[in-house]
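Participant: My structure is stored as my_file-v6.tsv, with TSV, C-alpha atoms.
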```
chain	number	residue	atom	x	y	z
A	1086	MET	CA	94.12	79.80	89.71
A	1087	ALA	CA	96.40	80.82	92.55
A	1088	GLU	CA	98.64	83.78	93.18
A	1089	ARG	CA	101.36	84.13	90.57
A	1090	PRO	CA	104.39	86.04	91.84
A	1091	THR	CA	106.23	87.64	88.94
A	1092	ILE	CA	108.68	90.04	90.62
A	1093	ASN	CA	110.62	89.37	93.81
A	1094	GLY	CA	109.92	92.82	95.27
A	1095	THR	CA	113.59	93.88	95.49
A	1096	GLU	CA	113.93	95.26	91.97
A	1097	PRO	CA	113.61	98.99	91.19
A	1098	ASP	CA	110.13	100.06	90.09
A	1099	CYS	CA	108.69	96.69	91.06
A	1100	PHE	CA	105.13	98.01	90.85
A	1101	GLY	CA	105.68	99.44	87.37
A	1102	GLU	CA	107.06	96.11	86.20
A	1103	LEU	CA	104.05	94.32	87.64
A	1104	LEU	CA	101.69	96.69	85.83
A	1105	ARG	CA	103.47	96.08	82.55
A	1106	THR	CA	103.33	92.32	83.10
A	1107	LEU	CA	99.65	92.56	83.96
A	1108	ASP	CA	98.98	94.49	80.74
A	1109	GLU	CA	100.62	91.72	78.71
A	1110	LEU	CA	98.99	88.86	80.62
A	1111	ASP	CA	96.58	86.70	78.63
A	1112	VAL	CA	93.92	86.18	81.30
A	1113	PRO	CA	91.66	83.18	80.58
A	1114	ASP	CA	87.98	83.83	79.89
A	1115	GLY	CA	86.05	83.93	83.15
A	1116	TYR	CA	88.96	85.31	85.20
A	1117	GLN	CA	90.25	88.73	86.25
A	1118	ALA	CA	93.73	89.79	87.37
A	1119	GLU	CA	94.78	92.22	90.11
A	1120	ILE	CA	98.01	93.21	91.88
A	1121	ILE	CA	97.89	92.32	95.57
A	1122	ARG	CA	100.87	92.34	97.96
A	1123	GLY	CA	103.46	92.28	95.18
A	1124	ASN	CA	101.82	89.45	93.25
A	1125	ILE	CA	99.57	89.20	90.24
A	1126	VAL	CA	96.49	87.36	91.45
A	1127	VAL	CA	94.09	85.77	88.98
A	1128	SER	CA	90.64	84.85	90.31
A	1129	PRO	CA	87.40	83.59	88.74
A	1130	TRP	CA	84.50	85.88	87.95
A	1131	SER	CA	81.52	86.01	90.26
A	1132	LYS	CA	78.52	83.68	90.51
A	1133	ALA	CA	75.47	84.58	88.45
A	1134	PHE	CA	73.35	85.98	91.30
A	1135	TYR	CA	76.12	88.47	92.18
A	1136	LEU	CA	75.01	90.46	89.12
A	1137	ASP	CA	71.55	90.93	90.64
A	1138	VAL	CA	73.10	92.11	93.93
A	1139	MET	CA	75.37	94.57	92.10
A	1140	GLU	CA	72.42	95.98	90.15
A	1141	LEU	CA	70.31	96.33	93.33
A	1142	LEU	CA	73.12	98.23	95.01
A	1143	CYS	CA	73.79	100.54	92.05
A	1144	GLU	CA	70.09	101.30	91.61
A	1145	GLN	CA	69.83	102.43	95.23
A	1146	LEU	CA	72.95	104.62	95.28
A	1147	ARG	CA	72.86	106.10	91.75
A	1148	PRO	CA	70.36	108.91	92.60
A	1149	TYR	CA	72.66	110.14	95.39
A	1150	LEU	CA	75.99	110.23	93.58
A	1151	PRO	CA	78.12	113.37	93.89
A	1152	GLU	CA	77.77	115.69	90.89
A	1153	ASP	CA	79.33	114.33	87.68
A	1154	HIS	CA	80.10	110.95	89.26
A	1155	ARG	CA	78.99	107.61	87.89
A	1156	ILE	CA	78.61	104.22	89.56
A	1157	SER	CA	79.21	101.04	87.64
A	1158	TYR	CA	80.40	97.47	87.82
A	1159	GLY	CA	82.71	95.69	85.49
A	1160	PRO	CA	86.31	94.68	84.93
A	1161	PHE	CA	88.15	98.01	85.17
A	1162	LEU	CA	91.58	98.24	86.76
A	1163	TYR	CA	92.11	100.99	89.35
A	1164	VAL	CA	95.74	101.68	90.21
A	1165	PHE	CA	97.05	102.81	93.62
A	1166	PRO	CA	100.77	103.60	93.18
A	1167	GLY	CA	101.14	104.87	96.76
A	1168	VAL	CA	100.36	101.42	98.16
A	1169	GLU	CA	101.51	99.48	95.06
A	1170	ARG	CA	98.17	97.86	94.39
A	1171	ALA	CA	95.91	97.53	91.34
A	1172	TYR	CA	92.37	96.29	91.89
A	1173	GLY	CA	89.37	95.54	89.72
A	1174	PRO	CA	86.58	96.34	92.21
A	1175	ASP	CA	83.17	94.75	91.72
A	1176	ILE	CA	81.42	98.12	92.02
A	1177	HIS	CA	83.08	101.51	91.68
A	1178	ALA	CA	82.01	105.15	91.72
A	1179	ALA	CA	84.22	108.00	90.52
A	1180	HIS	CA	84.09	111.30	88.67
A	1181	ARG	CA	83.26	110.81	84.99
A	1182	GLY	CA	86.55	112.43	84.04
A	1183	VAL	CA	88.55	109.46	85.36
A	1184	SER	CA	87.45	107.35	82.39
A	1185	ARG	CA	88.23	110.01	79.75
A	1186	SER	CA	91.49	108.29	78.84
A	1187	THR	CA	92.83	105.70	76.44
A	1188	SER	CA	94.74	104.00	79.28
A	1189	ASN	CA	93.46	100.80	80.86
A	1190	HIS	CA	94.74	102.03	84.25
A	1191	LEU	CA	92.25	104.22	86.13
A	1192	ASP	CA	93.21	106.50	89.02
A	1193	GLY	CA	92.29	104.72	92.26
A	1194	GLU	CA	92.49	107.93	94.27
A	1195	ALA	CA	89.61	109.34	92.19
A	1196	LEU	CA	87.16	106.78	93.60
A	1197	SER	CA	84.34	108.11	95.77
A	1198	PHE	CA	82.99	104.63	96.59
A	1199	VAL	CA	83.99	101.03	96.07
A	1200	ALA	CA	82.30	97.72	96.88
A	1201	GLU	CA	83.57	94.16	96.82
A	1202	LEU	CA	81.48	90.99	96.86
A	1203	THR	CA	83.53	88.22	98.40
A	1204	SER	CA	84.07	84.76	96.96
A	1205	SER	CA	85.95	81.84	98.44
A	1206	SER	CA	89.02	82.80	96.39
A	1207	THR	CA	88.98	86.56	97.11
A	1208	ARG	CA	87.47	86.80	100.60
A	1209	ASN	CA	90.71	87.03	102.57
A	1210	ASP	CA	92.10	89.84	100.41
A	1211	ASP	CA	88.77	91.69	100.45
A	1212	LEU	CA	88.71	91.53	104.28
A	1213	THR	CA	92.34	92.51	104.86
A	1214	ASP	CA	94.53	93.91	102.08
A	1215	LYS	CA	91.80	95.91	100.36
A	1216	VAL	CA	90.53	97.42	103.61
A	1217	GLN	CA	94.00	98.81	104.26
A	1218	ALA	CA	94.74	99.88	100.69
A	1219	TYR	CA	91.41	101.58	99.95
A	1220	GLY	CA	91.60	103.44	103.27
A	1221	LYS	CA	95.20	104.57	102.83
A	1222	ALA	CA	94.37	105.76	99.30
A	1223	GLY	CA	91.58	107.94	100.71
A	1224	VAL	CA	88.57	106.17	99.15
A	1225	PRO	CA	85.73	107.70	101.25
A	1226	VAL	CA	83.58	104.54	101.50
A	1227	TYR	CA	84.40	100.85	101.10
A	1228	LEU	CA	81.41	98.50	101.22
A	1229	LEU	CA	82.29	94.86	101.79
A	1230	LEU	CA	79.53	92.38	100.97
A	1231	ASP	CA	80.55	89.14	102.63
A	1232	MET	CA	78.64	86.66	100.50
A	1233	GLN	CA	79.78	83.68	102.58
A	1234	GLU	CA	78.67	85.14	105.95
A	1235	GLU	CA	75.76	87.03	104.34
A	1236	GLN	CA	76.55	90.35	105.96
A	1237	ALA	CA	77.50	93.85	104.82
A	1238	THR	CA	80.23	95.99	106.37
A	1239	VAL	CA	80.70	99.64	105.51
A	1240	PHE	CA	84.12	101.19	106.15
A	1241	SER	CA	84.46	104.97	106.31
A	1242	MET	CA	86.73	107.76	107.60
A	1243	PRO	CA	89.84	106.77	105.61
A	1244	SER	CA	93.23	107.35	107.20
A	1245	VAL	CA	96.88	106.36	106.87
A	1246	LYS	CA	96.00	103.27	108.92
A	1247	GLY	CA	93.09	102.18	106.73
A	1248	TYR	CA	89.62	103.09	107.97
A	1249	GLU	CA	88.67	104.54	111.34
A	1250	ALA	CA	84.98	103.57	111.29
A	1251	ARG	CA	83.03	100.47	110.37
A	1252	GLU	CA	79.51	99.09	110.78
A	1253	THR	CA	78.19	95.61	109.98
A	1254	LYS	CA	74.63	94.40	109.39
A	1255	PRO	CA	73.30	91.01	108.23
A	1256	PHE	CA	71.76	90.84	104.77
A	1257	GLY	CA	68.11	91.80	104.89
A	1258	GLU	CA	68.71	94.79	107.18
A	1259	LYS	CA	69.37	98.44	106.38
A	1260	LEU	CA	72.88	99.91	106.55
A	1261	PHE	CA	73.80	103.60	106.52
A	1262	ILE	CA	76.23	104.54	103.74
A	1263	PRO	CA	78.18	107.66	104.85
A	1264	ALA	CA	79.24	110.70	102.79
A	1265	PRO	CA	79.33	111.34	99.93
A	1266	PHE	CA	76.02	109.41	99.86
A	1267	ASP	CA	74.53	109.84	103.34
A	1268	ARG	CA	71.81	107.33	102.53
A	1269	VAL	CA	70.47	104.08	103.93
A	1270	LEU	CA	71.10	100.96	101.85
A	1271	ASP	CA	68.51	98.19	101.99
A	1272	THR	CA	70.32	94.83	101.72
A	1273	THR	CA	67.12	92.84	101.14
A	1274	GLY	CA	67.69	90.46	98.25
A	1275	PHE	CA	71.47	90.22	98.72
A	1276	ASN	CA	71.27	86.62	100.01
A	1277	ALA	CA	72.11	83.67	97.77
A	1278	PRO	CA	69.10	82.07	96.09
A	1279	PRO	CA	68.16	78.51	97.06
A	1280	ALA	CA	70.29	75.89	95.34
A	1281	THR	CA	68.59	74.69	92.20
A	1282	ALA	CA	68.11	71.00	91.57
A	1283	PRO	CA	70.08	69.55	88.67
A	1284	ALA	CA	68.14	69.15	85.45
A	1285	PRO	CA	66.65	65.66	85.00
```
Starting from the file, give its structure as structure tokens.
Facilitator:
Amino acid sequence: MAERPTINGTEPDCFGELLRTLDELDVPDGYQAEIIRGNIVVSPWSKAFYLDVMELLCEQLRPYLPEDHRISYGPFLYVFPGVERAYGPDIHAAHRGVSRSTSNHLDGEALSFVAELTSSSTRNDDLTDKVQAYGKAGVPVYLLLDMQEEQATVFSMPSVKGYEARETKPFGEKLFIPAPFDRVLDTTGFNAPPATAPAP
């Protein structure tokens, strides 16, 4: 499914209207919805092996989380009113208190870490819009796993311009994840598995 503009961007409280529309949207099974550049964007869920990559990443970083923070993956919507975005990151770490709410909108500025695994439908936004938005919102670390190019890029030092620092390594190598983790991430096993032959 492609981008679905719902508001023309000139109306008062455009972002609030988009959030209300998103809440009422009946998203088909196997898809998730986000707000990107003034549009509601619906994209398919990840490939099966992405789950293994997400678990490998969480297992490595979980012991080094800041106190009372948790790291998880799943379809939770983080809202960034300052940049008028709402994302459902593949992996997210935040203080446990952020989820002590009955709302389905979580505070994006409470994130201590976020990671996105690109797909053909989300790659451009993951590489551009989300880099800017996560940085401007002050998320300390954004890890971009480019599943098409098989490389990992860590963005750090958030600023009003996005991020001031970045480092890229191919899958299979080790990549330093800055504060609040200050740990090396081993990206071994992040590559796609060999294509399986169709069943006879």
Participant: Region 1244-1249 of chain A: which residues within 12 Å, counting all atoms listed in the file, same-chain residues fewer than 6 positions away excluded, as an NGL selection string?
Facilitator: :A and (1167-1168 or 1212-1228 or 1238)
Participant: So the first atom is CA of Ala1195 (chain A) and the second is CA of Phe1275 (chain A); what is the distance between them in Å, to one decimal place?
Facilitator: 27.2 Å
Participant: Near Tyr1172 (chain A), within 10 Å and counting all atoms listed in the file, which residues show up once chain neighbours fewer than 6 positions away are dropped, as a PDB file with C-alpha atoms, keeping the file's coordinate frame?
Facilitator:
```
ATOM      1  CA  GLN A1117      90.250  88.730  86.250  1.00  0.00           C
ATOM      2  CA  ALA A1118      93.730  89.790  87.370  1.00  0.00           C
ATOM      3  CA  GLU A1119      94.780  92.220  90.110  1.00  0.00           C
ATOM      4  CA  ILE A1120      98.010  93.210  91.880  1.00  0.00           C
ATOM      5  CA  ILE A1121      97.890  92.320  95.570  1.00  0.00           C
ATOM      6  CA  VAL A1126      96.490  87.360  91.450  1.00  0.00           C
ATOM      7  CA  PRO A1160      86.310  94.680  84.930  1.00  0.00           C
ATOM      8  CA  PHE A1161      88.150  98.010  85.170  1.00  0.00           C
ATOM      9  CA  LEU A1162      91.580  98.240  86.760  1.00  0.00           C
ATOM     10  CA  TYR A1163      92.110 100.990  89.350  1.00  0.00           C
ATOM     11  CA  VAL A1164      95.740 101.680  90.210  1.00  0.00           C
ATOM     12  CA  PHE A1165      97.050 102.810  93.620  1.00  0.00           C
ATOM     13  CA  HIS A1190      94.740 102.030  84.250  1.00  0.00           C
ATOM     14  CA  LEU A1191      92.250 104.220  86.130  1.00  0.00           C
ATOM     15  CA  GLY A1193      92.290 104.720  92.260  1.00  0.00           C
ATOM     16  CA  LYS A1215      91.800  95.910 100.360  1.00  0.00           C
ATOM     17  CA  ALA A1218      94.740  99.880 100.690  1.00  0.00           C
ATOM     18  CA  TYR A1219      91.410 101.580  99.950  1.00  0.00           C
TER      19      TYR A1219
END
```
Participant: For CA of Ala1277 (chain A) and CA of Ser1197 (chain A), quote the distance in Å rounded to one decimal.
Facilitator: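 Between CA of Ala1277 (chain A) and CA of Ser1197 (chain A) the gap works out to 27.4 Å.
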Participant: If we count all atoms listed in the file and set the cut-off at 12 Å, which residues sit around region 1132-1139 of chain A, ignoring sequence neighbours fewer than 2 positions away in its own chain? Please answer as a PyMOL selection string.
Facilitator: chain A and resi 1115-1116+1129-1130+1141-1147+1156-1159+1174-1177+1199-1205+1228-1232+1235+1237+1256+1271-1280
Participant: How would the residues just picked look written out with C-alpha atoms as a PDB file, keeping the file's coordinate frame?
Facilitator:
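This is the output file again19.pdb:
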```
ATOM      1  CA  GLY A1115      86.050  83.930  83.150  1.00  0.00           C
ATOM      2  CA  TYR A1116      88.960  85.310  85.200  1.00  0.00           C
ATOM      3  CA  PRO A1129      87.400  83.590  88.740  1.00  0.00           C
ATOM      4  CA  TRP A1130      84.500  85.880  87.950  1.00  0.00           C
ATOM      5  CA  LEU A1141      70.310  96.330  93.330  1.00  0.00           C
ATOM      6  CA  LEU A1142      73.120  98.230  95.010  1.00  0.00           C
ATOM      7  CA  CYS A1143      73.790 100.540  92.050  1.00  0.00           C
ATOM      8  CA  GLU A1144      70.090 101.300  91.610  1.00  0.00           C
ATOM      9  CA  GLN A1145      69.830 102.430  95.230  1.00  0.00           C
ATOM     10  CA  LEU A1146      72.950 104.620  95.280  1.00  0.00           C
ATOM     11  CA  ARG A1147      72.860 106.100  91.750  1.00  0.00           C
ATOM     12  CA  ILE A1156      78.610 104.220  89.560  1.00  0.00           C
ATOM     13  CA  SER A1157      79.210 101.040  87.640  1.00  0.00           C
ATOM     14  CA  TYR A1158      80.400  97.470  87.820  1.00  0.00           C
ATOM     15  CA  GLY A1159      82.710  95.690  85.490  1.00  0.00           C
ATOM     16  CA  PRO A1174      86.580  96.340  92.210  1.00  0.00           C
ATOM     17  CA  ASP A1175      83.170  94.750  91.720  1.00  0.00           C
ATOM     18  CA  ILE A1176      81.420  98.120  92.020  1.00  0.00           C
ATOM     19  CA  HIS A1177      83.080 101.510  91.680  1.00  0.00           C
ATOM     20  CA  VAL A1199      83.990 101.030  96.070  1.00  0.00           C
ATOM     21  CA  ALA A1200      82.300  97.720  96.880  1.00  0.00           C
ATOM     22  CA  GLU A1201      83.570  94.160  96.820  1.00  0.00           C
ATOM     23  CA  LEU A1202      81.480  90.990  96.860  1.00  0.00           C
ATOM     24  CA  THR A1203      83.530  88.220  98.400  1.00  0.00           C
ATOM     25  CA  SER A1204      84.070  84.760  96.960  1.00  0.00           C
ATOM     26  CA  SER A1205      85.950  81.840  98.440  1.00  0.00           C
ATOM     27  CA  LEU A1228      81.410  98.500 101.220  1.00  0.00           C
ATOM     28  CA  LEU A1229      82.290  94.860 101.790  1.00  0.00           C
ATOM     29  CA  LEU A1230      79.530  92.380 100.970  1.00  0.00           C
ATOM     30  CA  ASP A1231      80.550  89.140 102.630  1.00  0.00           C
ATOM     31  CA  MET A1232      78.640  86.660 100.500  1.00  0.00           C
ATOM     32  CA  GLU A1235      75.760  87.030 104.340  1.00  0.00           C
ATOM     33  CA  ALA A1237      77.500  93.850 104.820  1.00  0.00           C
ATOM     34  CA  PHE A1256      71.760  90.840 104.770  1.00  0.00           C
ATOM     35  CA  ASP A1271      68.510  98.190 101.990  1.00  0.00           C
ATOM     36  CA  THR A1272      70.320  94.830 101.720  1.00  0.00           C
ATOM     37  CA  THR A1273      67.120  92.840 101.140  1.00  0.00           C
ATOM     38  CA  GLY A1274      67.690  90.460  98.250  1.00  0.00           C
ATOM     39  CA  PHE A1275      71.470  90.220  98.720  1.00  0.00           C
ATOM     40  CA  ASN A1276      71.270  86.620 100.010  1.00  0.00           C
ATOM     41  CA  ALA A1277      72.110  83.670  97.770  1.00  0.00           C
ATOM     42  CA  PRO A1278      69.100  82.070  96.090  1.00  0.00           C
ATOM     43  CA  PRO A1279      68.160  78.510  97.060  1.00  0.00           C
ATOM     44  CA  ALA A1280      70.290  75.890  95.340  1.00  0.00           C
TER      45      ALA A1280
END
```
Participant: CA of Asn1209 (chain A) and CA of Val1112 (chain A), how far apart in Å?
Facilitator: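 Taking CA of Val1112 (chain A) and CA of Asn1209 (chain A), their separation equals 21.5 Å.
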Participant: Within 10 Å of (72.6, 111.0, 97.4), in the coordinates the file gives, what residues turn up when you count only C-alpha atoms, written out as a PyMOL selection string?
Facilitator: chain A and resi 1145-1152+1262-1269
Participant: Once 8 Å is added on each side, what centre and edge lengths in Å to one decimal does the axis-aligned box around all listed atoms of region 1241-1245 of chain A have, as AutoDock Vina command-line options?
Facilitator:
```
--center_x 90.7 --center_y 106.4 --center_z 106.6 --size_x 28.4 --size_y 18.8 --size_z 18.0
```
Participant: Mind listing as a VMD selection string all residues within 10 Å of (100.2, 89.2, 88.2), counting all atoms listed in the file?
Facilitator: chain A and resid 1088 to 1092 1102 to 1110 1112 1118 to 1121 1123 to 1127 1171
Participant: Take the residues that were just selected and, keeping C-alpha atoms, output them as a compact mmCIF listing (two decimals), keeping the file's coordinate frame.
Facilitator:
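Resulting contents of out30.txt:
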```txt
# COMPACT_ATOMS: atom_id res chain seq x y z
CA GLU A 1088 98.64 83.78 93.18
CA ARG A 1089 101.36 84.13 90.57
CA PRO A 1090 104.39 86.04 91.84
CA THR A 1091 106.23 87.64 88.94
CA ILE A 1092 108.68 90.04 90.62
CA GLU A 1102 107.06 96.11 86.20
CA LEU A 1103 104.05 94.32 87.64
CA LEU A 1104 101.69 96.69 85.83
CA ARG A 1105 103.47 96.08 82.55
CA THR A 1106 103.33 92.32 83.10
CA LEU A 1107 99.65 92.56 83.96
CA ASP A 1108 98.98 94.49 80.74
CA GLU A 1109 100.62 91.72 78.71
CA LEU A 1110 98.99 88.86 80.62
CA VAL A 1112 93.92 86.18 81.30
CA ALA A 1118 93.73 89.79 87.37
CA GLU A 1119 94.78 92.22 90.11
CA ILE A 1120 98.01 93.21 91.88
CA ILE A 1121 97.89 92.32 95.57
CA GLY A 1123 103.46 92.28 95.18
CA ASN A 1124 101.82 89.45 93.25
CA ILE A 1125 99.57 89.20 90.24
CA VAL A 1126 96.49 87.36 91.45
CA VAL A 1127 94.09 85.77 88.98
CA ALA A 1171 95.91 97.53 91.34
```
Participant: Select, from A:Phe1198, A:Arg1155, A:Ser1128, A:Asp1192, the residue with the minimum atom-to-atom distance to His1180 (chain A), counting only C-alpha atoms.
Facilitator: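 Selected residue with least distance to His1180 (chain A): A:Arg1155.
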Participant: Select, from A:Pro1243, A:His1154, A:Glu1194, A:Thr1207, the residue with the minimum atom-to-atom distance to Ala1178 (chain A), counting only C-alpha atoms.
Facilitator: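 Comparing A:Pro1243, A:His1154, A:Glu1194, A:Thr1207 against Ala1178 (chain A), the winner is A:His1154.
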